[in-house]
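Asks: Sharing a structure here in structure tokens format.
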Amino acid sequence: MKIIYNKLPVRIKLRCAVLFSCFFAVINLSGATFQDSTWGINGELMGYVENIEYSNRFRDGQTILGAWLKSRILYKPVKGFSFSAGFFGNRYFGDSCFFTIIRPLLGAQFNTDHFLFAIGEIETPVEYDFPDILFRKEFRFQPGSFEGLSLKAGNSFFEQNNWIQWYALNTPSQREHFAFGNSSRFIVNPVSIFLSAIIDHHGGEQFAPENDPIRENYCSALGADINLFYSGFIKQFHGRILGSFSATRNRSESHHYKNGWGVLGLAEVAFKYLDIGFQVFRGDSLIALLGNPVYQTNKPYYSLIFSKNYKNRFVEVDGGLNLEVADVEFQNYFKKFQHRWWISLLCRYESFFRFHK
């Protein structure tokens, strides 16, 4: 271990030193409650590969192959409160760096049966079944970790999620970037109505260079899901229809917003070993800067989806293939074959213990 540590870059050594110092400080500050509190460790390890082959003017093809690790030490001083300290490392295979992305994971939570408030590490909006129009599915792989504020509440009839993701502070070396998100869902089985929205802000006025404007983007989606479950050859039918609206402006160019819209329909059938879906989208100048840019097309966008997801408490396997007709005519599809496929394997671990006198 000493040999591996000596080979690490100085910046990573410093980050590790700060992280462990904070952890031992928490132990010392816990004082007399140390023996009465619950401690634990948990984490996730994911390996992933995603290949995107596009031939359109909105998005370039790319291949992402790598793995990330999240590991945390948990401290629960009293019921409802929890604090965590750990690290996140994401490595893109072939990168010369030890980790492509490495950062501390610091979090504080208060939760009850129907309410959760978190500061620091927060969940990825993909976990809320957030539409790909607003938030790209591959953010789960790259970067893989988000920090900010999160508020969740709900019961069997209503779910409410709000969050602020903080991407970058406003400093001389980088532009301010944060996003506010909302996910509201009303559930009356087998139908649920949802309202999703993201407000994305990039660029503070202080330190702003010339020709790098403050950019603001708002995009929302109002829609309905239907889920029907069966016990035979077909396990589930899922249908979705949504309408989306966007407003975008660069302050240096204009104080007026450029608007766009889109309509999407999806039908998906789940079998025992495979899910098959077909999606149709039609829009005009729709822009969601954190969403999949393919939805900016003004032409009909079709997608045939083959996928499967399996998960339990400890593991999750997800994979699929999307055959997409984006920004091309049907007759030219095989000349510009566009598709996306992905596989991810995730394992979780968790253990709690108490110190006794």
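To be explicit about the labels: the chains of the structure tokens are called A, B, and onward in the order shown, and within each one the residues are counted from 1, while ligands get numbers from 1 in the order they are shown.
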Can you tell me, as an MDAnalysis selection string, what residues are no more than 9 Å from Ser184 of chain A when counting only C-alpha atoms, ignoring any on the same chain fewer than 4 positions away?

Replies: chainID A and resid 158:162 193:196

Asks: Any idea what's packed within 8 Å of Tyr75 of chain A, counting only C-alpha atoms, ignoring anything in its chain fewer than 6 positions away? Could you give it as number ranges by chain?

Replies: A: 37-40, 82-84

Asks: Using Å and a single decimal, report how far atom CA of Glu350 of chain A sits from atom CA of Ile41 of chain A.

Replies: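 A separation of 5.7 Å between them.
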
Asks: Near Asn309 of chain A, counting only C-alpha atoms, which residues have an atom at most 8 Å away, once you skip same-chain residues fewer than 4 positions from it, shown as number ranges by chain?

Replies: A: 316-319

Asks: Kindly save the residues from that selection, with C-alpha atoms included, as a CSV table (one decimal), in the first residue's frame.

Replies:
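The result, stored in again.csv:
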```
chain,number,residue,atom,x,y,z
A,316,GLU,CA,-28.4,-4.1,-10.3
A,317,VAL,CA,-27.9,-5.0,-14.0
A,318,ASP,CA,-29.0,-2.7,-16.7
A,319,GLY,CA,-28.5,-2.9,-20.5
```

Asks: Find the residue from A:Cys97, A:Leu264, A:Val269, A:Leu286 that sits nearest to Ser307 of chain A; use only C-alpha atoms when measuring.

Replies: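 Nearest candidate to Ser307 of chain A out of A:Cys97, A:Leu264, A:Val269, A:Leu286: A:Val269.
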
Asks: With only C-alpha atoms as the counted atoms, please give the residues lying no more than 10 Å from Trp261 of chain A, apart from itself and same-chain residues fewer than 3 positions off, as a list in words.

Replies: Cys219, Ser220, Ala221, Gly243, Ser244, Phe245, Ser246, Ala247, Arg282, Gly283, Asp284, Ser285, Leu286, Ile287, Tyr295, Gln296 and Asn298 of chain A

Asks: So that I have them on file, write out the residues from the current selection with N, CA and C atoms, as a PDB file, in the first residue's frame.

Replies:
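The file below, part-v1.pdb, is the result:
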```
ATOM      1  N   CYS A 219     -36.668  24.326 -18.947  1.00  0.00           N
ATOM      2  CA  CYS A 219     -37.372  23.308 -19.725  1.00  0.00           C
ATOM      3  C   CYS A 219     -38.252  22.496 -18.778  1.00  0.00           C
ATOM      4  N   SER A 220     -39.477  22.247 -19.190  1.00  0.00           N
ATOM      5  CA  SER A 220     -40.417  21.497 -18.360  1.00  0.00           C
ATOM      6  C   SER A 220     -41.110  20.436 -19.200  1.00  0.00           C
ATOM      7  N   ALA A 221     -41.669  19.453 -18.515  1.00  0.00           N
ATOM      8  CA  ALA A 221     -42.401  18.382 -19.187  1.00  0.00           C
ATOM      9  C   ALA A 221     -43.604  18.010 -18.332  1.00  0.00           C
ATOM     10  N   GLY A 243     -45.821  16.461 -22.971  1.00  0.00           N
ATOM     11  CA  GLY A 243     -45.559  17.673 -23.722  1.00  0.00           C
ATOM     12  C   GLY A 243     -44.490  18.472 -23.012  1.00  0.00           C
ATOM     13  N   SER A 244     -43.593  19.073 -23.774  1.00  0.00           N
ATOM     14  CA  SER A 244     -42.462  19.777 -23.184  1.00  0.00           C
ATOM     15  C   SER A 244     -42.364  21.189 -23.752  1.00  0.00           C
ATOM     16  N   PHE A 245     -41.873  22.103 -22.917  1.00  0.00           N
ATOM     17  CA  PHE A 245     -41.723  23.504 -23.301  1.00  0.00           C
ATOM     18  C   PHE A 245     -40.377  24.003 -22.806  1.00  0.00           C
ATOM     19  N   SER A 246     -39.690  24.816 -23.606  1.00  0.00           N
ATOM     20  CA  SER A 246     -38.389  25.350 -23.199  1.00  0.00           C
ATOM     21  C   SER A 246     -38.316  26.844 -23.481  1.00  0.00           C
ATOM     22  N   ALA A 247     -37.472  27.521 -22.695  1.00  0.00           N
ATOM     23  CA  ALA A 247     -37.186  28.947 -22.890  1.00  0.00           C
ATOM     24  C   ALA A 247     -35.708  29.161 -22.599  1.00  0.00           C
ATOM     25  N   ARG A 282     -41.843  14.661 -31.633  1.00  0.00           N
ATOM     26  CA  ARG A 282     -41.950  15.730 -32.622  1.00  0.00           C
ATOM     27  C   ARG A 282     -41.835  17.048 -31.881  1.00  0.00           C
ATOM     28  N   GLY A 283     -40.925  17.907 -32.352  1.00  0.00           N
ATOM     29  CA  GLY A 283     -40.725  19.169 -31.666  1.00  0.00           C
ATOM     30  C   GLY A 283     -40.278  20.272 -32.598  1.00  0.00           C
ATOM     31  N   ASP A 284     -40.154  21.448 -32.027  1.00  0.00           N
ATOM     32  CA  ASP A 284     -39.712  22.620 -32.776  1.00  0.00           C
ATOM     33  C   ASP A 284     -38.878  23.499 -31.851  1.00  0.00           C
ATOM     34  N   SER A 285     -37.563  23.536 -32.098  1.00  0.00           N
ATOM     35  CA  SER A 285     -36.630  24.415 -31.376  1.00  0.00           C
ATOM     36  C   SER A 285     -36.601  24.157 -29.874  1.00  0.00           C
ATOM     37  N   LEU A 286     -36.884  22.928 -29.455  1.00  0.00           N
ATOM     38  CA  LEU A 286     -36.832  22.587 -28.033  1.00  0.00           C
ATOM     39  C   LEU A 286     -35.375  22.486 -27.591  1.00  0.00           C
ATOM     40  N   ILE A 287     -35.025  23.168 -26.503  1.00  0.00           N
ATOM     41  CA  ILE A 287     -33.655  23.146 -25.995  1.00  0.00           C
ATOM     42  C   ILE A 287     -33.690  22.868 -24.498  1.00  0.00           C
ATOM     43  N   TYR A 295     -33.094  15.803 -29.018  1.00  0.00           N
ATOM     44  CA  TYR A 295     -34.465  16.311 -28.998  1.00  0.00           C
ATOM     45  C   TYR A 295     -34.568  17.736 -29.527  1.00  0.00           C
ATOM     46  N   GLN A 296     -33.456  18.350 -29.896  1.00  0.00           N
ATOM     47  CA  GLN A 296     -33.505  19.680 -30.497  1.00  0.00           C
ATOM     48  C   GLN A 296     -33.899  19.632 -31.971  1.00  0.00           C
ATOM     49  N   ASN A 298     -35.967  19.390 -35.380  1.00  0.00           N
ATOM     50  CA  ASN A 298     -37.301  19.806 -35.801  1.00  0.00           C
ATOM     51  C   ASN A 298     -37.983  18.748 -36.660  1.00  0.00           C
TER      52      ASN A 298
END
```

Asks: Write out as an NGL selection string the residues lying within 6 Å of Leu116 of chain A, counting only C-alpha atoms and excluding same-chain residues fewer than 2 positions away.

Replies: :A and (110-111 or 151-152)

Asks: Taking the DSSP secondary structure from the backbone, can you list the residues of segment 40-78 of chain A that are strand (DSSP E or B), as a list in words?

Replies: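 Assigned to strand (DSSP E or B), within segment 40-78 of chain A: Gly40, Ile41, Asn42, Gly43, Glu44, Leu45, Met46, Gly47, Tyr48, Val49, Glu50, Asn51, Ile52, Glu53, Gln62, Thr63, Ile64, Leu65, Gly66, Ala67, Trp68, Leu69, Lys70, Ser71, Arg72, Ile73, Leu74, Tyr75 and Lys76 of chain A.
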
Asks: Which of segment 277-307 of chain A counts as helix (DSSP H, G or I) under DSSP, as a list of chain:residue names please?

Replies: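 Put together, the selection reads A:Pro293, A:Val294, A:Tyr295, A:Gln296.
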
Asks: For the residues in that selection, give me N, CA and C atoms as a CSV table (one decimal), in the first residue's frame.

Replies:
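File produced: result.csv:
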```
chain,number,residue,atom,x,y,z
A,293,PRO,N,-29.4,16.2,-26.4
A,293,PRO,CA,-29.5,17.2,-27.5
A,293,PRO,C,-30.2,16.8,-28.7
A,294,VAL,N,-30.4,15.5,-28.9
A,294,VAL,CA,-31.1,15.0,-30.1
A,294,VAL,C,-32.5,15.5,-30.2
A,295,TYR,N,-33.1,15.8,-29.0
A,295,TYR,CA,-34.5,16.3,-29.0
A,295,TYR,C,-34.6,17.7,-29.5
A,296,GLN,N,-33.5,18.4,-29.9
A,296,GLN,CA,-33.5,19.7,-30.5
A,296,GLN,C,-33.9,19.6,-32.0
```

Asks: Ranking A:Leu169, A:Val315, A:Ile52, A:Ile234 by minimum distance to Asp275 of chain A and counting only C-alpha atoms, which one comes first?

Replies: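 So, comparing all the options, the nearest one is A:Ile234.
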
Asks: Please provide the set of residues having any atom within 9 Å of Gly94 of chain A, restricted to only C-alpha atoms, with same-chain residues fewer than 2 positions apart removed, written as a PDB file with N, CA and C atoms, in the first residue's frame.

Replies:
```pdb
ATOM      1  N   LEU A  65     -16.220   3.887 -21.450  1.00  0.00           N
ATOM      2  CA  LEU A  65     -15.932   2.594 -20.828  1.00  0.00           C
ATOM      3  C   LEU A  65     -15.174   2.863 -19.539  1.00  0.00           C
ATOM      4  N   GLY A  66     -15.714   2.413 -18.430  1.00  0.00           N
ATOM      5  CA  GLY A  66     -15.039   2.703 -17.175  1.00  0.00           C
ATOM      6  C   GLY A  66     -15.742   2.100 -15.981  1.00  0.00           C
ATOM      7  N   ARG A  91     -13.103   6.268 -13.048  1.00  0.00           N
ATOM      8  CA  ARG A  91     -11.975   6.067 -13.957  1.00  0.00           C
ATOM      9  C   ARG A  91     -12.484   5.683 -15.331  1.00  0.00           C
ATOM     10  N   TYR A  92     -12.099   6.472 -16.349  1.00  0.00           N
ATOM     11  CA  TYR A  92     -12.365   6.121 -17.729  1.00  0.00           C
ATOM     12  C   TYR A  92     -11.198   5.262 -18.200  1.00  0.00           C
ATOM     13  N   SER A  96      -4.655   8.139 -18.483  1.00  0.00           N
ATOM     14  CA  SER A  96      -3.343   8.058 -17.837  1.00  0.00           C
ATOM     15  C   SER A  96      -3.405   8.409 -16.352  1.00  0.00           C
ATOM     16  N   CYS A  97      -4.514   9.031 -15.908  1.00  0.00           N
ATOM     17  CA  CYS A  97      -4.655   9.405 -14.498  1.00  0.00           C
ATOM     18  C   CYS A  97      -5.035   8.186 -13.659  1.00  0.00           C
TER      19      CYS A  97
END
```
